[in-house]
file input.cif (mmCIF, C-alpha atoms)
data_coords
loop_
_atom_site.label_atom_id
_atom_site.label_comp_id
_atom_site.auth_asym_id
_atom_site.auth_seq_id
_atom_site.Cartn_x
_atom_site.Cartn_y
_atom_site.Cartn_z
CA MET E 531 52.02 -26.08 70.36
CA SER E 532 52.15 -22.51 69.23
CA LEU E 533 52.44 -19.60 71.62
CA LYS E 534 49.22 -18.12 70.22
CA LYS E 535 47.31 -21.33 70.97
CA ASP E 536 48.87 -21.63 74.44
CA CYS E 537 47.93 -18.04 75.26
CA SER E 538 44.43 -18.48 73.83
CA ASP E 539 43.95 -21.71 75.79
CA PHE E 540 45.07 -20.04 79.02
CA LEU E 541 42.68 -17.13 78.56
CA THR E 542 39.81 -19.36 77.47
CA GLN E 543 40.28 -21.51 80.56
CA HIS E 544 40.81 -18.76 83.13
CA LEU E 545 39.07 -15.65 81.82
CA THR E 546 35.38 -16.30 82.37
CA THR E 547 34.12 -12.72 82.67
CA THR E 548 34.32 -9.66 80.47
CA ARG E 549 34.91 -6.12 81.62
CA SER E 550 35.31 -2.69 80.15
CA TYR E 551 38.30 -0.60 81.09
CA THR E 552 38.12 3.17 81.25
CA LEU E 553 41.25 5.21 80.67
CA VAL E 554 42.09 8.87 80.26
CA HIS E 555 45.04 9.63 78.01
CA ASN E 556 45.97 13.17 76.98
CA ASN E 557 42.67 14.36 78.43
CA ILE E 558 40.70 11.99 76.18
CA PHE E 559 38.41 9.42 77.75
CA HIS E 560 38.67 5.89 76.34
CA ILE E 561 36.61 2.75 76.99
CA MET E 562 38.03 -0.61 75.93
CA ASP E 563 36.42 -4.01 76.21
CA SER E 564 38.47 -6.89 77.60
CA GLN E 565 37.70 -9.02 74.54
CA PHE E 566 39.23 -6.37 72.27
CA ILE E 567 42.45 -6.46 74.29
CA VAL E 568 42.50 -10.27 74.24
CA THR E 569 42.13 -10.20 70.45
CA GLU E 570 44.97 -7.69 70.16
CA LEU E 571 47.18 -9.74 72.50
CA LEU E 572 46.66 -12.86 70.43
CA ASP E 573 47.75 -10.91 67.35
CA ALA E 574 51.15 -10.16 68.93
CA SER E 575 54.45 -11.48 67.64
CA ASP E 576 55.89 -14.72 69.03
CA ASP E 577 58.45 -12.73 71.06
CA GLU E 578 55.67 -10.66 72.61
CA LEU E 579 53.45 -13.71 73.16
CA TYR E 580 56.31 -15.50 74.92
CA THR E 581 56.54 -12.62 77.42
CA ILE E 582 52.77 -12.30 77.79
CA LEU E 583 52.31 -16.03 78.39
CA ASP E 584 55.14 -16.02 80.91
CA ILE E 585 53.44 -13.20 82.85
CA LEU E 586 50.04 -14.91 82.72
CA LYS E 587 51.38 -18.25 83.92
CA ARG E 588 53.19 -16.63 86.85
CA MET E 589 50.10 -14.94 88.24
CA GLU E 590 47.31 -16.45 90.27
CA PRO E 591 44.72 -16.84 87.48
CA SER E 592 41.87 -15.06 89.24
CA GLN E 593 39.48 -12.83 87.31
CA ASP E 594 40.75 -9.76 89.15
CA ASN E 595 44.40 -10.52 88.37
CA ILE E 596 43.78 -11.25 84.71
CA HIS E 597 41.61 -8.16 84.30
CA GLN E 598 44.22 -6.04 86.05
CA PHE E 599 46.81 -7.29 83.55
CA LEU E 600 44.44 -6.67 80.62
CA SER E 601 43.73 -3.18 81.96
CA HIS E 602 47.47 -2.45 81.89
CA MET E 603 47.64 -3.82 78.35
CA ALA E 604 44.72 -1.55 77.38
CA ALA E 605 46.58 1.46 78.79
CA MET E 606 49.69 0.53 76.81
CA TYR E 607 47.60 0.01 73.66
CA ILE E 608 46.10 3.48 74.00
CA THR E 609 49.47 5.09 74.69
CA VAL E 610 51.22 3.41 71.77
CA ASN E 611 48.45 3.73 69.20
CA ILE E 612 47.16 7.19 70.04
CA ASP E 613 50.61 8.79 70.21
CA ALA E 614 51.81 7.07 67.03
#
call {"tool": "encode", "arguments": {"input": "input.cif", "output": "structure tokens"}}
result
Amino acid sequence: MSLKKDCSDFLTQHLTTTRSYTLVHNNIFHIMDSQFIVTELLDASDDELYTILDILKRMEPSQDNIHQFLSHMAAMYITVNIDA
């Protein structure tokens, strides 16, 4: 199986709710939907997906834990893409 499919299967199975994450970066307010972050995660390289899948599989797959992880990914997305 591919890492993208494995990651997608994990999230499909365990992520049953959607949330919006609010972040302030450089005094700019951002709102990101969890589904947007999932889509961006699944577009990652195999090296990145390997690390992401490893993190996901190590955590207790509760909604709060997965959303906390996705919230961190949203913060990183904002930092990397806004400052680029």
call {"tool": "atom_distance", "arguments": {"input": "input.cif", "atom1": "CA of Lys534 in chain E", "atom2": "CA of Glu578 in chain E"}}
result
10.1 Å
call {"tool": "closest_atom_pairs", "arguments": {"input": "input.cif", "of": "range 538-580 of chain E", "to": "range 600-605 of chain E", "cutoff": "9 Å", "atoms": "only C-alpha atoms", "output": "CSV"}}
result
residue,atom,partner,partner_atom,distance
E:Ser550,CA,E:Ser601,CA,8.6
E:Tyr551,CA,E:Ser601,CA,6.1
E:Thr552,CA,E:Ser601,CA,8.5
E:Leu553,CA,E:Ala605,CA,6.8
E:Val554,CA,E:Ala605,CA,8.8
E:His555,CA,E:Ala605,CA,8.4
E:Met562,CA,E:Ala604,CA,6.9
E:Asp563,CA,E:Ala604,CA,8.7
E:Ser564,CA,E:Leu600,CA,6.7
E:Phe566,CA,E:Ala604,CA,8.9
E:Ile567,CA,E:Ala604,CA,6.2
E:Val568,CA,E:Leu600,CA,7.6
E:Leu571,CA,E:Met603,CA,8.3
call {"tool": "write_last_selection", "arguments": {"input": "input.cif", "atoms": "C-alpha atoms", "output": "CSV table (one decimal), keeping the file's coordinate frame"}}
result
chain,number,residue,atom,x,y,z
E,550,SER,CA,35.3,-2.7,80.2
E,551,TYR,CA,38.3,-0.6,81.1
E,552,THR,CA,38.1,3.2,81.2
E,553,LEU,CA,41.2,5.2,80.7
E,554,VAL,CA,42.1,8.9,80.3
E,555,HIS,CA,45.0,9.6,78.0
E,562,MET,CA,38.0,-0.6,75.9
E,563,ASP,CA,36.4,-4.0,76.2
E,564,SER,CA,38.5,-6.9,77.6
E,566,PHE,CA,39.2,-6.4,72.3
E,567,ILE,CA,42.4,-6.5,74.3
E,568,VAL,CA,42.5,-10.3,74.2
E,571,LEU,CA,47.2,-9.7,72.5
call {"tool": "closest_residue", "arguments": {"input": "input.cif", "among": "E:Thr542, E:Ser575, E:Ser532, E:Thr609", "to": "Ile596 in chain E", "atoms": "only C-alpha atoms"}}
result
E:Thr542
call {"tool": "atom_distance", "arguments": {"input": "input.cif", "atom1": "CA of Ile612 in chain E", "atom2": "CA of Ile558 in chain E"}}
result
10.1 Å
call {"tool": "resolve_selection", "arguments": {"input": "input.cif", "expression": "the PyMOL selection byres ((chain E and resi 583-585) around 12)", "output": "number ranges by chain"}}
result
E: 532-541, 571-572, 574-582, 586-591, 595-596, 599-600, 603
call {"tool": "atom_distance", "arguments": {"input": "input.cif", "atom1": "CA of Val610 in chain E", "atom2": "CA of Thr548 in chain E"}}
result
23.1 Å
call {"tool": "build_atoms", "arguments": {"input": "input.cif", "residues": "range 546-568 of chain E", "atoms": "N, CA and C atoms", "output": "PDB file, in the coordinates of the input"}}
result
ATOM      1  N   THR E 546      36.787 -15.911  82.535  1.00  0.00           N
ATOM      2  CA  THR E 546      35.380 -16.300  82.370  1.00  0.00           C
ATOM      3  C   THR E 546      34.427 -15.113  82.408  1.00  0.00           C
ATOM      4  N   THR E 547      34.950 -13.924  82.644  1.00  0.00           N
ATOM      5  CA  THR E 547      34.120 -12.720  82.670  1.00  0.00           C
ATOM      6  C   THR E 547      34.697 -11.693  81.706  1.00  0.00           C
ATOM      7  N   THR E 548      33.856 -10.776  81.286  1.00  0.00           N
ATOM      8  CA  THR E 548      34.320  -9.660  80.470  1.00  0.00           C
ATOM      9  C   THR E 548      34.145  -8.378  81.275  1.00  0.00           C
ATOM     10  N   ARG E 549      34.998  -7.434  80.975  1.00  0.00           N
ATOM     11  CA  ARG E 549      34.910  -6.120  81.620  1.00  0.00           C
ATOM     12  C   ARG E 549      35.269  -5.057  80.593  1.00  0.00           C
ATOM     13  N   SER E 550      34.876  -3.854  80.915  1.00  0.00           N
ATOM     14  CA  SER E 550      35.310  -2.690  80.150  1.00  0.00           C
ATOM     15  C   SER E 550      36.266  -1.897  81.009  1.00  0.00           C
ATOM     16  N   TYR E 551      37.298  -1.390  80.375  1.00  0.00           N
ATOM     17  CA  TYR E 551      38.300  -0.600  81.090  1.00  0.00           C
ATOM     18  C   TYR E 551      38.180   0.847  80.631  1.00  0.00           C
ATOM     19  N   THR E 552      38.187   1.752  81.573  1.00  0.00           N
ATOM     20  CA  THR E 552      38.120   3.170  81.250  1.00  0.00           C
ATOM     21  C   THR E 552      39.484   3.792  81.523  1.00  0.00           C
ATOM     22  N   LEU E 553      39.937   4.591  80.570  1.00  0.00           N
ATOM     23  CA  LEU E 553      41.250   5.210  80.670  1.00  0.00           C
ATOM     24  C   LEU E 553      41.160   6.639  80.167  1.00  0.00           C
ATOM     25  N   VAL E 554      41.956   7.504  80.766  1.00  0.00           N
ATOM     26  CA  VAL E 554      42.090   8.870  80.260  1.00  0.00           C
ATOM     27  C   VAL E 554      43.530   9.029  79.821  1.00  0.00           C
ATOM     28  N   HIS E 555      43.697   9.407  78.558  1.00  0.00           N
ATOM     29  CA  HIS E 555      45.040   9.630  78.010  1.00  0.00           C
ATOM     30  C   HIS E 555      45.013  10.941  77.240  1.00  0.00           C
ATOM     31  N   ASN E 556      45.926  11.832  77.593  1.00  0.00           N
ATOM     32  CA  ASN E 556      45.970  13.170  76.980  1.00  0.00           C
ATOM     33  C   ASN E 556      44.616  13.859  77.027  1.00  0.00           C
ATOM     34  N   ASN E 557      43.974  13.746  78.186  1.00  0.00           N
ATOM     35  CA  ASN E 557      42.670  14.360  78.430  1.00  0.00           C
ATOM     36  C   ASN E 557      41.555  13.825  77.534  1.00  0.00           C
ATOM     37  N   ILE E 558      41.740  12.641  76.984  1.00  0.00           N
ATOM     38  CA  ILE E 558      40.700  11.990  76.180  1.00  0.00           C
ATOM     39  C   ILE E 558      40.275  10.718  76.902  1.00  0.00           C
ATOM     40  N   PHE E 559      38.989  10.564  77.057  1.00  0.00           N
ATOM     41  CA  PHE E 559      38.410   9.420  77.750  1.00  0.00           C
ATOM     42  C   PHE E 559      38.260   8.255  76.774  1.00  0.00           C
ATOM     43  N   HIS E 560      38.748   7.079  77.173  1.00  0.00           N
ATOM     44  CA  HIS E 560      38.670   5.890  76.340  1.00  0.00           C
ATOM     45  C   HIS E 560      37.983   4.764  77.112  1.00  0.00           C
ATOM     46  N   ILE E 561      37.202   3.967  76.428  1.00  0.00           N
ATOM     47  CA  ILE E 561      36.610   2.750  76.990  1.00  0.00           C
ATOM     48  C   ILE E 561      37.028   1.600  76.088  1.00  0.00           C
ATOM     49  N   MET E 562      37.602   0.561  76.700  1.00  0.00           N
ATOM     50  CA  MET E 562      38.030  -0.610  75.930  1.00  0.00           C
ATOM     51  C   MET E 562      37.464  -1.852  76.577  1.00  0.00           C
ATOM     52  N   ASP E 563      36.977  -2.740  75.751  1.00  0.00           N
ATOM     53  CA  ASP E 563      36.420  -4.010  76.210  1.00  0.00           C
ATOM     54  C   ASP E 563      37.543  -5.028  76.363  1.00  0.00           C
ATOM     55  N   SER E 564      37.444  -5.877  77.366  1.00  0.00           N
ATOM     56  CA  SER E 564      38.470  -6.890  77.600  1.00  0.00           C
ATOM     57  C   SER E 564      38.654  -7.806  76.392  1.00  0.00           C
ATOM     58  N   GLN E 565      37.583  -8.134  75.695  1.00  0.00           N
ATOM     59  CA  GLN E 565      37.700  -9.020  74.540  1.00  0.00           C
ATOM     60  C   GLN E 565      38.514  -8.384  73.423  1.00  0.00           C
ATOM     61  N   PHE E 566      38.406  -7.071  73.269  1.00  0.00           N
ATOM     62  CA  PHE E 566      39.230  -6.370  72.270  1.00  0.00           C
ATOM     63  C   PHE E 566      40.704  -6.517  72.604  1.00  0.00           C
ATOM     64  N   ILE E 567      41.048  -6.344  73.870  1.00  0.00           N
ATOM     65  CA  ILE E 567      42.450  -6.460  74.290  1.00  0.00           C
ATOM     66  C   ILE E 567      42.935  -7.886  74.106  1.00  0.00           C
ATOM     67  N   VAL E 568      42.115  -8.871  74.437  1.00  0.00           N
ATOM     68  CA  VAL E 568      42.500 -10.270  74.240  1.00  0.00           C
ATOM     69  C   VAL E 568      42.785 -10.518  72.756  1.00  0.00           C
TER      70      VAL E 568
END
